[in-house]
Amino acid sequence: MKKKRRMVFLAWLLIGLGLLNTGTVLAKAEGTELIQAPHGVLMEASTGTIIYEKDMDTRVKPASITKIMTLILIFDEIGKGSLHMEDEVITSAYAKSMGGSQVFLEEGEKQSVETMIKCIVIASGNDASVAMAEHIAGSEGAFVEKMNERAKGLGMENTNFEDCCGLTESDNHYTSAHDVALMSRELVTKYPKILDYSSIWMDTITHVTEKGTSEFGLTNTNKLIRSYDGCVGLKTGSTSVAKYCVSTVAVRDGITLISVVMTAPDYKVRFKDAAAMLNLGFGSCSLYVDENKKPLPNIAVEGGVKEELACDYEGAFRYLDTKGAALDQIEKKIKQKDKVKAPVKKGDLAGTAEYYLDGKKIGSVNLRFREGTKKAGYSDYVEKVWERFWKGKQAV
């Protein structure tokens, strides 16, 4: 027993010193006993870096964690403008019939999209999930097809959905801790608005039906919202076959971590394990961010209608460190083209911004042309000559 304790202490000491970092994984579950559940992963949201993992690719039952993908599709539609928060959604008899966790919607009841989102993410309403699926795709089956397409696009190689809420016990409905982290990252980074709802501890909705008007209280199923500093979501799940799962999102000092626990033996272990991974992450991670907002010089164009073109960074640069490196020593080198030949298309590659730490390249961001130009013809050259002549005359 004493030997076992010494091994645990040594592992934590190494973690604290940053010596267990191997590539993008800070630590694997090899005798450290960081978490009790058989499957877990800790990911930094902005970079997708995996900080810790334990058997993260094994296929397991997701229970209501499924609803993370349902929420992604809902926000996809909102993002496209085909769905709005104030739109009314009508509950069908089929949606009403859902068992398990529910908010007790009645057949024919109307609720806004925003209310349905609250019912799904706060109270894990199966009935609300199915009602939204039918509203978006016409049927739950058609919606599930979209879920699987979206999962494939995110690289979720160990996932297949058969319903939109996770109530099914089908062997063909599965995911993995890693895949849950992938879809959680997609939801919170692409649609951070979800965190406004997933961080609500308690709320109330109003049922208006033929039976009259009544209020129904929503209480967040994620207890870490109240007990863990910085926790802002995201989703829990539990069934007799899936046991206890959670995808937890927490934010501190500009760092957003996603802690996923699958197949925990009880709800206490689920939350304890999620918190343990978050503690590891916040205790060992530093994030370097370059928003890349400083203007870049224009690039000369040879033989084009336009003689020079503006370019921009493709996006911000982020680097997650787990070794205690001096991030203020990161050096950026701009490698921009001096001249290009027409034609040039908007979005064509204009160069790269490369980042170095201790002489080692740690990443890069592409530079893209903000605009394009055609190859100049005879009439274009005549026009240019005339413009120069006219400007010269005005200057005299």
# chains A, B, ... in the order shown; residues from 1 in each chain; ligands from 1
$ residues_around --residues "Asp348 in chain A" --least-positions-apart "4" --cutoff "9 Å" --atoms "only C-alpha atoms" --output "list in words"
Val344, Leu367, Arg368, Phe369, Arg370, Glu371 and Gly372 of chain A
$ write_last_selection --atoms "N, CA and C atoms" --output "PDB file, in the first residue's frame"
ATOM      1  N   VAL A 344      -5.112  36.836 -59.600  1.00  0.00           N
ATOM      2  CA  VAL A 344      -5.078  36.428 -58.199  1.00  0.00           C
ATOM      3  C   VAL A 344      -6.511  36.354 -57.695  1.00  0.00           C
ATOM      4  N   LEU A 367      -1.354  33.422 -44.473  1.00  0.00           N
ATOM      5  CA  LEU A 367      -1.774  34.756 -44.883  1.00  0.00           C
ATOM      6  C   LEU A 367      -2.549  34.615 -46.185  1.00  0.00           C
ATOM      7  N   ARG A 368      -3.702  35.274 -46.277  1.00  0.00           N
ATOM      8  CA  ARG A 368      -4.566  35.138 -47.451  1.00  0.00           C
ATOM      9  C   ARG A 368      -4.869  36.504 -48.058  1.00  0.00           C
ATOM     10  N   PHE A 369      -4.998  36.541 -49.391  1.00  0.00           N
ATOM     11  CA  PHE A 369      -5.364  37.793 -50.054  1.00  0.00           C
ATOM     12  C   PHE A 369      -6.797  38.178 -49.701  1.00  0.00           C
ATOM     13  N   ARG A 370      -6.965  39.424 -49.307  1.00  0.00           N
ATOM     14  CA  ARG A 370      -8.277  39.939 -48.934  1.00  0.00           C
ATOM     15  C   ARG A 370      -9.152  40.177 -50.159  1.00  0.00           C
ATOM     16  N   GLU A 371      -8.513  40.361 -51.297  1.00  0.00           N
ATOM     17  CA  GLU A 371      -9.220  40.638 -52.542  1.00  0.00           C
ATOM     18  C   GLU A 371      -8.460  39.991 -53.690  1.00  0.00           C
ATOM     19  N   GLY A 372      -9.059  39.959 -54.860  1.00  0.00           N
ATOM     20  CA  GLY A 372      -8.420  39.386 -56.033  1.00  0.00           C
ATOM     21  C   GLY A 372      -8.317  40.412 -57.152  1.00  0.00           C
TER      22      GLY A 372
END
$ residues_around --residues "range 210-213 of chain A" --least-positions-apart "3" --cutoff "12 Å" --atoms "only C-alpha atoms" --output "number ranges by chain"
A: 105-110, 205-207, 216
$ write_last_selection --atoms "N, CA and C atoms" --output "PDB file, in the first residue's frame"
ATOM      1  N   LEU A 105     -43.724  18.171 -21.676  1.00  0.00           N
ATOM      2  CA  LEU A 105     -44.440  18.911 -22.715  1.00  0.00           C
ATOM      3  C   LEU A 105     -45.682  18.131 -23.126  1.00  0.00           C
ATOM      4  N   GLU A 106     -46.770  18.837 -23.406  1.00  0.00           N
ATOM      5  CA  GLU A 106     -48.015  18.204 -23.833  1.00  0.00           C
ATOM      6  C   GLU A 106     -48.131  18.237 -25.359  1.00  0.00           C
ATOM      7  N   GLU A 107     -48.865  17.291 -25.904  1.00  0.00           N
ATOM      8  CA  GLU A 107     -49.100  17.283 -27.349  1.00  0.00           C
ATOM      9  C   GLU A 107     -49.782  18.592 -27.758  1.00  0.00           C
ATOM     10  N   GLY A 108     -49.232  19.229 -28.794  1.00  0.00           N
ATOM     11  CA  GLY A 108     -49.779  20.489 -29.281  1.00  0.00           C
ATOM     12  C   GLY A 108     -49.246  21.715 -28.552  1.00  0.00           C
ATOM     13  N   GLU A 109     -48.463  21.513 -27.497  1.00  0.00           N
ATOM     14  CA  GLU A 109     -47.925  22.649 -26.748  1.00  0.00           C
ATOM     15  C   GLU A 109     -46.877  23.392 -27.573  1.00  0.00           C
ATOM     16  N   LYS A 110     -46.913  24.705 -27.481  1.00  0.00           N
ATOM     17  CA  LYS A 110     -45.969  25.541 -28.215  1.00  0.00           C
ATOM     18  C   LYS A 110     -44.959  26.169 -27.248  1.00  0.00           C
ATOM     19  N   ILE A 205     -39.928  27.464 -16.763  1.00  0.00           N
ATOM     20  CA  ILE A 205     -40.662  27.609 -18.022  1.00  0.00           C
ATOM     21  C   ILE A 205     -42.154  27.578 -17.700  1.00  0.00           C
ATOM     22  N   THR A 206     -42.947  28.067 -18.640  1.00  0.00           N
ATOM     23  CA  THR A 206     -44.403  28.094 -18.439  1.00  0.00           C
ATOM     24  C   THR A 206     -45.084  27.208 -19.463  1.00  0.00           C
ATOM     25  N   HIS A 207     -45.838  26.230 -18.975  1.00  0.00           N
ATOM     26  CA  HIS A 207     -46.654  25.383 -19.848  1.00  0.00           C
ATOM     27  C   HIS A 207     -48.006  26.073 -20.077  1.00  0.00           C
ATOM     28  N   PHE A 216     -43.052  25.251 -14.550  1.00  0.00           N
ATOM     29  CA  PHE A 216     -42.247  24.050 -14.328  1.00  0.00           C
ATOM     30  C   PHE A 216     -40.798  24.478 -14.111  1.00  0.00           C
TER      31      PHE A 216
END
$ select_by_dssp --residues "range 178-324 of chain A" --states "strand (DSSP E or B)" --output "VMD selection string"
chain A and resid 202 to 209 212 to 219 231 to 239 243 to 252 255 to 264 286 to 290 299 to 302 304 308 to 309 311 to 313 317 to 321
$ closest_atom_pairs --of "range 151-236 of chain A" --to "range 263-282 of chain A" --cutoff "9 Å" --atoms "only C-alpha atoms" --output "tab-separated table"
residue	atom	partner	partner_atom	distance
A:Asn222	CA	A:Phe271	CA	8.3
A:Lys223	CA	A:Phe271	CA	7.6
A:Leu224	CA	A:Phe271	CA	6.8
A:Tyr228	CA	A:Ala275	CA	7.3
$ atom_distance --atom1 "CA of Ile74 in chain A" --atom2 "CA of Phe104 in chain A"
20.5 Å
$ closest_atom_pairs --of "range 56-125 of chain A" --to "range 139-154 of chain A" --cutoff "10 Å" --atoms "only C-alpha atoms" --output "JSON lines"
{"residue": "A:Thr66", "atom": "CA", "partner": "A:Met147", "partner_atom": "CA", "distance": 9.6}
{"residue": "A:Met69", "atom": "CA", "partner": "A:Met147", "partner_atom": "CA", "distance": 6.4}
{"residue": "A:Thr70", "atom": "CA", "partner": "A:Met147", "partner_atom": "CA", "distance": 7.0}
{"residue": "A:Leu71", "atom": "CA", "partner": "A:Met147", "partner_atom": "CA", "distance": 10.0}
{"residue": "A:Ile72", "atom": "CA", "partner": "A:Met147", "partner_atom": "CA", "distance": 8.7}
{"residue": "A:Leu73", "atom": "CA", "partner": "A:Met147", "partner_atom": "CA", "distance": 7.2}
{"residue": "A:Tyr94", "atom": "CA", "partner": "A:Glu140", "partner_atom": "CA", "distance": 9.7}
{"residue": "A:Ala95", "atom": "CA", "partner": "A:Glu140", "partner_atom": "CA", "distance": 9.2}
$ write_last_selection --atoms "N, CA and C atoms" --output "CSV table (one decimal), in the first residue's frame"
chain,number,residue,atom,x,y,z
A,66,THR,N,-25.5,12.5,-25.8
A,66,THR,CA,-26.0,12.6,-27.2
A,66,THR,C,-26.5,14.0,-27.5
A,69,MET,N,-24.7,16.8,-29.6
A,69,MET,CA,-24.8,16.9,-31.1
A,69,MET,C,-26.2,17.5,-31.5
A,70,THR,N,-27.2,17.2,-30.8
A,70,THR,CA,-28.5,17.8,-31.0
A,70,THR,C,-28.5,19.3,-30.9
A,71,LEU,N,-27.8,19.8,-29.9
A,71,LEU,CA,-27.6,21.2,-29.8
A,71,LEU,C,-26.8,21.8,-30.9
A,72,ILE,N,-25.7,21.1,-31.3
A,72,ILE,CA,-24.9,21.6,-32.4
A,72,ILE,C,-25.8,21.8,-33.7
A,73,LEU,N,-26.7,20.9,-34.0
A,73,LEU,CA,-27.5,21.0,-35.2
A,73,LEU,C,-28.5,22.2,-35.0
A,94,TYR,N,-45.6,12.0,-30.5
A,94,TYR,CA,-44.4,11.2,-30.3
A,94,TYR,C,-43.4,11.8,-29.4
A,95,ALA,N,-43.2,13.1,-29.5
A,95,ALA,CA,-42.2,13.8,-28.6
A,95,ALA,C,-42.7,13.8,-27.2
